[in-house]
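Novice: One structure coming up, written as structure tokens, with questions to follow.
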Amino acid sequence: MPDLVKLTIDGRPVQAAPGTLVIDAAKTAGIEIPAFCYYEGLTLQAACRMCLVEVEKMPKMMTACTLPVAEGMVVRTETAAVAQARKYTLEFLLTNHPLDCPVCDKGGECELQDMVFRYGAGESRYTEEKVHTPEKQFSPVVFFDAPRCILCFRCVRICNEGMGVGALGVINRGVVSEIAPNEGDHLECDECGACIDICPVGALTSGTYRYQTRPWEMQHVGAICTHCGDGCKTTLGVRNNHIIRGNNRDRSGINGEFLCIKGRYAFDFYDHPERLQAPLVRKNGKLEEVSWSEALETVANRFNQVRADGGTFGVIGSNHTTNEENFYLRKFAREVLATPHIDHHRTGDVTALVDALSGKTGQMATVADLYTRKAVLVLGADLALEHPLLSFQIRANYRHHQAHVYAVTAEPVREDKYTVASIRIRVPGGAPAGQHDGDLGVIPGRDVGAVSTGPGSAPIGGPGGATGDPTGFVNPDNVAPGPPDYFEALEQLRDRLKAEPELVIVFDDSFQGPNVHRLVEFGESLGIPVRYICLVDYSNSRGALDMGLVPGEGGMRLDQMLAADLSALWVVGANPMKNGVTRKADFLVVQDLFLTETALQADVVLPAASAYEKSGTVTNTTGEVQRLKHAINTMGAKPDLEIMGFIARQMDAAAALGPWVPETVFAEIRRTVHGYDIPLPVIDTGGAALTMPVNGRVSGTPGAVIHSDHNGLFASGTLGRYSKVLNSVLEGRLDR
Ligand code: SF4
Ligand code: SF4
Ligand code: SF4
Ligand code: FES
């Protein structure tokens with residue numbers, strides 16, 4: 001480690017690594033230097049001049065956001081001259097800014113408002129009329145109010161660099177400079193809302209949040225996004241039992257402040273008018289609303305009857321319900337219903353990976369590894385669409401650490417923009433390799449395969465960009481047509497991969513069973529430390545597998561259960577009949593939020609709570625466990641765990657299963673499920689704890705049907721259909 005540089009800031013001795021910016025060095029000493037355009041992790045802009053400080057022996061004030069520390073440097077941040085500079089900068093920034101805080105969404109959490117309170121002048125010397133332009137709607141979720149904009153370019157940079165999209169730029173010059181979207185008057189982009197969050201003022205506002213409330217009127221509940229398997233923490237703003245917004249500005253959780261459109265906006269399904277709020281029982285061929293007690297009694301009586309008659313039960317669990325619910329369901333099925341016929345929709349072959357790594361430790365990669373490891377190989381998946389957080393991490397790793405990225409995929413992917421090498425698998429007949437069947441593809445207007453050439457590889461700063469690629473990523477001629485086989489493509493990369501100091505391999509359902517073992521053999525043959533991520537689709541796909549929602553000895557798989565003449569089929573939080581499957585079981589019970597294709601065929605439908613309406617834990621695609629926090633209640637719906645507990649009680653079987661209290665069930669999980677003896681303080685303080693299944697096997701069945709839905713950015717299985725936001729964005733329609 002190089003010697004630390006010693007300097008003083010406001011008389012305090014400070015030590016910092018060479019290259020550290022004065023603004024960051026000051027922060028480590030507890031000294032805040034005000035800033036608008038500077039933003040940790042983004043390229044430098046030096047546009048606002050708010051961070052001016054005095055430095056001894058320097059003739060003029062310096063911008064602390066661009067000045068690296070130097071030995072013996074003496075910095076002063078709180079002199080009269082600095083205060084005056086801040087005041088003048090603010091006066092200048094307010095030349096056109098309306099200071100309409102009482103009606104601005106950002107009021108109460110606005111960086112400009114705070115600075116004006118702290119350093120601003122009581123009145124302005126400008127008497128000229130302010131330039132006014134009307135508010136614009138860039139998309140259903142992004143609104144822009146130009147007069148409030150202070151031209152810090154944070155939005156442009158987060159979209160270019162963080163998202164790799166490059167949908168925002170600047171038009172015009174001087175006082176009429178304005179942030180503009182990529183498609184004339186509207187945005188065609190990821191609709192992630194990151195630009196809104198990062199805007200220090202109320203210039204960019206959210207279509208779903210604007211004019212709804214004030215930040216101090218909400219409770220802020222740290223939940224986990226219930227859509228893809230990446231496991232982003234989303235802090236829900238809750239008021240009067242309604243979720244008003246989602247963001248993660250406190251940067252807690254594995255995702256920092258990243259959220260895609262689903263985590264930031266697509267919680268709205270909870271409030272859909274078709275949400276089930278009362279149990280339904282089929283009477284004379286029609287589903288009719290009944291009381292909870294009647295519905296539970298109907299289920300319990302029939303289950304007891306089937307047990308007494310020696311009938312056959314089938315149980316299908318969920319990729320979205322909590323670990324506690326999945327564990328309890330498996331226990332219910334095995335110990336009370338005495339059935340081995342249990343399964344769930346499996347979306348990635350984690351079992352084969354854990355099996356292939358059995359006896360080895362430290363080879364399951366985390367979300368953090370994608371940001372810190374020196375090289376990453378992506379196989380099969382279009383991460384930017386299917387696993388946005390993982391894609392974000394890899395992009396940040398490339399920008400901040402110059403990580404070497406490789407991709408072997410059937411379709412162009414966003415990673416192609418900065419890979420060392422991309423190989424495009426040729427699939428006979430032109431269909432994508434693997435089982436991509438729907439949302440995969442590139443949104444018109446942002447062809448991620450487009451190649452722009454330019455010298456060097458350093459990220460660029462500022463709007464536009466010097467290379468012609470607005471995202472700032474340089475794409476040399478790196479995309480090569482490949483063989484029709486992943487392993488042949490891997491052989492083509494062997495020498496380059498061998499030369500890497502370490503590697504993370506990320507793969508989707510293109511690799512299953514023996515091919516996962518072959519992939520691990522390939523990784524081992526490289527002779528370098530290799531970690532793996534097996535991609536799974538949904539928020540608790542991994543937990544469903546770990547909790548044992550898989551067939552026992554002689555048990556039927558999901559597809560077999562649907563085709564069998566079961567005496568009773570119990571479906572919890574899944575929609576296995578969505579593709580026109582007709583129910584065969586004599587008795588069908590469904591727990592769900594909506595009247596899905598499966599629920600429509602049921603004898604009893606029990607309205608279930610969503611992830612935002614209950615407590616528990618979930619496990620993401622990398623095997624990291626996080627806690628869900630209860631944010632709201634929806635009248636009439638109950639958590640699946642509670643529903644199962646009530647059925648057990650009604651059947652006089654509750655004693656065998658124990659209390660249906662999430663904390664108690666999780667304590668049992670920690671005692672009995674291999675790898676789940678995780679440190680509680682980590683998850684109790686909002687962190688993620690990695691499960692360690694490697695020295696033992698997770699449950700699985702040879703011959704299991706594994707099929708990813710490959711949901712794109714604007715789809716989320718059955719749940720996505722009920723999100724108004726996902727249905728309203730233009731890209732969502734283009735993406736289907
Ligand atoms: S919503 Fe996201 S992708 Fe769209 S412009 Fe803003 S930052 Fe870029
Ligand atoms: S819209 Fe907001 S983030 Fe973008 S330049 Fe203006 S003030 Fe900065
Ligand atoms: S990346 Fe996945 S987990 Fe994160 S916000 Fe998007 S859908 Fe949710
Ligand atoms: S924060 Fe330094 S110039 Fe804007």
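Every chain in the structure tokens takes a letter, A first, then B, and so on in the order presented; its residues are numbered from 1, and the ligands are numbered from 1 following the presented order.
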Any residue with an atom at most 10 Å from ligand 3 counts, using only C-alpha atoms and all ligand atoms. Which are they? Put them as an NGL selection string.

Specialist: :A and (192 or 224-234 or 246-248 or 254-255 or 257-267 or 383-392 or 537-539 or 620-621 or 711-716)

Novice: Taking the chain letters and numbering used in this document, name the residues of stretch 50-117 of chain A that DSSP puts in strand (DSSP E), as number ranges by chain.

Specialist: A: 52-55, 62-63, 74-76

Novice: Got time to write the residues from that selection, C-alpha atoms, as a PDB file, in the first residue's frame?

Specialist:
ATOM      1  CA  LEU A  52     -14.548  26.096  -3.477  1.00  0.00           C
ATOM      2  CA  VAL A  53     -11.994  26.016  -0.653  1.00  0.00           C
ATOM      3  CA  GLU A  54      -8.883  27.997   0.219  1.00  0.00           C
ATOM      4  CA  VAL A  55      -5.567  26.195  -0.109  1.00  0.00           C
ATOM      5  CA  MET A  62      -9.839  25.614  -5.666  1.00  0.00           C
ATOM      6  CA  THR A  63     -12.666  23.171  -6.375  1.00  0.00           C
ATOM      7  CA  VAL A  74      -3.217  23.200   4.132  1.00  0.00           C
ATOM      8  CA  VAL A  75      -6.907  23.501   3.283  1.00  0.00           C
ATOM      9  CA  ARG A  76      -9.464  25.860   4.815  1.00  0.00           C
TER      10      ARG A  76
END

Novice: Between A:Asp10, A:Cys37, A:Pro98, A:Cys199, which is the closest to ligand 2 once you count only C-alpha atoms and all ligand atoms?

Specialist: A:Cys199

Novice: Counting only C-alpha atoms and all ligand atoms, give me one row per residue of chain A with an atom at most 6 Å from an atom of ligand 1, showing the shortest contact pair and its distance in Å to one decimal, sorted by chain then residue number, as JSON lines.

Specialist:
{"residue": "A:Ile158", "atom": "CA", "partner": "ligand 1", "partner_atom_place_in_ligand_line": "7 (S)", "distance": 5.9}
{"residue": "A:Cys159", "atom": "CA", "partner": "ligand 1", "partner_atom_place_in_ligand_line": "8 (Fe)", "distance": 4.0}
{"residue": "A:Val165", "atom": "CA", "partner": "ligand 1", "partner_atom_place_in_ligand_line": "3 (S)", "distance": 5.7}
{"residue": "A:Ala167", "atom": "CA", "partner": "ligand 1", "partner_atom_place_in_ligand_line": "5 (S)", "distance": 4.9}
{"residue": "A:Leu168", "atom": "CA", "partner": "ligand 1", "partner_atom_place_in_ligand_line": "5 (S)", "distance": 5.4}
{"residue": "A:Cys189", "atom": "CA", "partner": "ligand 1", "partner_atom_place_in_ligand_line": "4 (Fe)", "distance": 4.5}
{"residue": "A:Asp190", "atom": "CA", "partner": "ligand 1", "partner_atom_place_in_ligand_line": "3 (S)", "distance": 4.1}
{"residue": "A:Glu191", "atom": "CA", "partner": "ligand 1", "partner_atom_place_in_ligand_line": "1 (S)", "distance": 3.7}
{"residue": "A:Cys192", "atom": "CA", "partner": "ligand 1", "partner_atom_place_in_ligand_line": "2 (Fe)", "distance": 3.9}
{"residue": "A:Gly193", "atom": "CA", "partner": "ligand 1", "partner_atom_place_in_ligand_line": "1 (S)", "distance": 4.0}
{"residue": "A:Ala194", "atom": "CA", "partner": "ligand 1", "partner_atom_place_in_ligand_line": "7 (S)", "distance": 4.5}
{"residue": "A:Cys195", "atom": "CA", "partner": "ligand 1", "partner_atom_place_in_ligand_line": "7 (S)", "distance": 4.1}

Novice: Write to file, as a PDB file, in the first residue's frame, the residues of the selection just made, with N, CA, C and O atoms.

Specialist:
ATOM      1  N   ILE A 158     -25.340   9.696 -14.402  1.00  0.00           N
ATOM      2  CA  ILE A 158     -25.818   8.417 -13.853  1.00  0.00           C
ATOM      3  C   ILE A 158     -26.404   7.568 -14.973  1.00  0.00           C
ATOM      4  O   ILE A 158     -26.253   6.348 -14.992  1.00  0.00           O
ATOM      5  N   CYS A 159     -27.063   8.230 -15.935  1.00  0.00           N
ATOM      6  CA  CYS A 159     -27.667   7.470 -17.023  1.00  0.00           C
ATOM      7  C   CYS A 159     -26.600   6.924 -17.966  1.00  0.00           C
ATOM      8  O   CYS A 159     -26.672   5.783 -18.411  1.00  0.00           O
ATOM      9  N   VAL A 165     -26.977   3.556 -20.331  1.00  0.00           N
ATOM     10  CA  VAL A 165     -28.053   3.799 -21.287  1.00  0.00           C
ATOM     11  C   VAL A 165     -27.789   5.053 -22.121  1.00  0.00           C
ATOM     12  O   VAL A 165     -27.887   5.033 -23.346  1.00  0.00           O
ATOM     13  N   ALA A 167     -29.457   8.081 -22.052  1.00  0.00           N
ATOM     14  CA  ALA A 167     -30.704   8.626 -22.601  1.00  0.00           C
ATOM     15  C   ALA A 167     -30.868  10.115 -22.353  1.00  0.00           C
ATOM     16  O   ALA A 167     -31.797  10.709 -22.872  1.00  0.00           O
ATOM     17  N   LEU A 168     -30.001  10.715 -21.545  1.00  0.00           N
ATOM     18  CA  LEU A 168     -30.146  12.146 -21.262  1.00  0.00           C
ATOM     19  C   LEU A 168     -28.919  12.909 -21.753  1.00  0.00           C
ATOM     20  O   LEU A 168     -27.797  12.415 -21.671  1.00  0.00           O
ATOM     21  N   CYS A 189     -35.834   4.423 -22.584  1.00  0.00           N
ATOM     22  CA  CYS A 189     -34.716   4.069 -21.720  1.00  0.00           C
ATOM     23  C   CYS A 189     -35.145   2.955 -20.768  1.00  0.00           C
ATOM     24  O   CYS A 189     -36.165   2.324 -20.972  1.00  0.00           O
ATOM     25  N   ASP A 190     -34.363   2.748 -19.724  1.00  0.00           N
ATOM     26  CA  ASP A 190     -34.697   1.706 -18.751  1.00  0.00           C
ATOM     27  C   ASP A 190     -35.806   2.137 -17.792  1.00  0.00           C
ATOM     28  O   ASP A 190     -36.306   1.315 -17.032  1.00  0.00           O
ATOM     29  N   GLU A 191     -36.133   3.428 -17.783  1.00  0.00           N
ATOM     30  CA  GLU A 191     -37.153   3.984 -16.881  1.00  0.00           C
ATOM     31  C   GLU A 191     -36.851   3.638 -15.420  1.00  0.00           C
ATOM     32  O   GLU A 191     -37.744   3.357 -14.623  1.00  0.00           O
ATOM     33  N   CYS A 192     -35.566   3.677 -15.082  1.00  0.00           N
ATOM     34  CA  CYS A 192     -35.164   3.241 -13.744  1.00  0.00           C
ATOM     35  C   CYS A 192     -35.414   4.304 -12.677  1.00  0.00           C
ATOM     36  O   CYS A 192     -35.446   4.003 -11.489  1.00  0.00           O
ATOM     37  N   GLY A 193     -35.521   5.564 -13.092  1.00  0.00           N
ATOM     38  CA  GLY A 193     -35.751   6.632 -12.110  1.00  0.00           C
ATOM     39  C   GLY A 193     -34.495   7.060 -11.373  1.00  0.00           C
ATOM     40  O   GLY A 193     -34.558   7.914 -10.485  1.00  0.00           O
ATOM     41  N   ALA A 194     -33.333   6.523 -11.739  1.00  0.00           N
ATOM     42  CA  ALA A 194     -32.103   6.905 -11.037  1.00  0.00           C
ATOM     43  C   ALA A 194     -31.805   8.387 -11.224  1.00  0.00           C
ATOM     44  O   ALA A 194     -31.288   9.052 -10.326  1.00  0.00           O
ATOM     45  N   CYS A 195     -32.141   8.921 -12.409  1.00  0.00           N
ATOM     46  CA  CYS A 195     -31.875  10.339 -12.673  1.00  0.00           C
ATOM     47  C   CYS A 195     -32.704  11.215 -11.739  1.00  0.00           C
ATOM     48  O   CYS A 195     -32.257  12.278 -11.312  1.00  0.00           O
TER      49      CYS A 195
END

Novice: Output the neighbourhood of ligand 4 as an mmCIF file with C-alpha atoms, in the first residue's frame, that is, all protein and nucleic acid residues with some atom at most 10 Å from the ligand, counting only C-alpha atoms and all ligand atoms.

Specialist:
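Output file out04.cif follows:
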data_model
loop_
_atom_site.group_PDB
_atom_site.id
_atom_site.type_symbol
_atom_site.label_atom_id
_atom_site.label_comp_id
_atom_site.auth_asym_id
_atom_site.auth_seq_id
_atom_site.Cartn_x
_atom_site.Cartn_y
_atom_site.Cartn_z
ATOM 1 C CA ILE A 23 -13.670 16.693 -0.767
ATOM 2 C CA ILE A 33 -17.683 20.518 1.890
ATOM 3 C CA PRO A 34 -20.888 21.501 0.084
ATOM 4 C CA ALA A 35 -21.207 20.131 -3.443
ATOM 5 C CA PHE A 36 -23.814 19.819 -6.157
ATOM 6 C CA CYS A 37 -22.151 18.391 -9.237
ATOM 7 C CA TYR A 38 -19.729 16.101 -7.402
ATOM 8 C CA TYR A 39 -21.170 12.637 -6.866
ATOM 9 C CA LEU A 44 -15.859 14.620 -12.239
ATOM 10 C CA GLN A 45 -17.728 17.583 -13.656
ATOM 11 C CA ALA A 46 -16.638 20.734 -11.779
ATOM 12 C CA ALA A 47 -19.718 22.527 -13.029
ATOM 13 C CA CYS A 48 -21.215 24.171 -9.969
ATOM 14 C CA ARG A 49 -18.279 25.768 -8.041
ATOM 15 C CA MET A 50 -20.037 25.114 -4.749
ATOM 16 C CA CYS A 51 -17.070 23.237 -3.325
ATOM 17 C CA LEU A 52 -14.548 26.096 -3.477
ATOM 18 C CA VAL A 53 -11.994 26.016 -0.653
ATOM 19 C CA MET A 62 -9.839 25.614 -5.666
ATOM 20 C CA THR A 63 -12.666 23.171 -6.375
ATOM 21 C CA ALA A 64 -12.302 20.499 -3.679
ATOM 22 C CA CYS A 65 -14.076 17.982 -5.917
ATOM 23 C CA THR A 66 -11.259 17.959 -8.465
ATOM 24 C CA LEU A 67 -8.228 18.635 -6.299
ATOM 25 C CA LEU A 151 -27.131 21.999 -14.575
ATOM 26 C CA CYS A 152 -25.031 19.780 -12.370
ATOM 27 C CA PHE A 153 -25.241 16.937 -14.951
#

Novice: If you count only C-alpha atoms and all ligand atoms, which residues end up within 8 Å of ligand 2, as a ChimeraX atom specification?

Specialist: /A:36-37,144-146,148-156,178-179,195-196,198-204

Novice: In Å, with one decimal, what is the gap from atom CA of A:Phe117 to atom CA of A:Leu99?

Specialist: 11.6 Å

Novice: Do a neighbour search on stretch 648-657 of chain A at 8 Å with only C-alpha atoms, toss out local chain neighbours closer than 5 positions, and write the hits as a ChimeraX atom specification.

Specialist: /A:296-297,300-301,303-304,328,331-332,335-336

Novice: Enumerate the residues of stretch 467-604 of chain A with a DSSP assignment of helix (DSSP H, G or I), computed from the backbone, and present them as number ranges by chain.

Specialist: A: 486-498, 514-525, 541-546, 558-563, 597-600

Novice: Skip stretch 488-503 of chain A itself and residues of its chain fewer than 5 positions away, then list as a ChimeraX atom specification all residues within 12 Å of it, counting only C-alpha atoms.

Specialist: /A:363-365,369-380,403-410,420-426,480-483,518-533

Novice: Using Å and a single decimal, report how far atom CA of A:Met547 sits from atom CA of A:His674.

Specialist: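 Distance between the two atoms: 9.5 Å.
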
Novice: Could you pull the residues within 9 Å of A:Ala688, counting only C-alpha atoms, minus those fewer than 6 positions along the same chain, as a PDB file with C-alpha atoms, in the first residue's frame?

Specialist:
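Saved the output as result-v1.pdb:
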ATOM      1  CA  GLY A 253     -28.477  -3.185   1.272  1.00  0.00           C
ATOM      2  CA  ILE A 254     -26.513  -4.990  -1.391  1.00  0.00           C
ATOM      3  CA  THR A 619     -32.625 -15.465  -0.423  1.00  0.00           C
ATOM      4  CA  GLU A 624     -27.620 -13.953   0.231  1.00  0.00           C
ATOM      5  CA  VAL A 625     -30.362 -13.822   2.875  1.00  0.00           C
ATOM      6  CA  GLN A 626     -32.106 -10.550   3.725  1.00  0.00           C
ATOM      7  CA  ARG A 627     -35.005  -9.587   5.947  1.00  0.00           C
ATOM      8  CA  VAL A 682     -26.068  -8.996   9.845  1.00  0.00           C
TER       9      VAL A 682
END
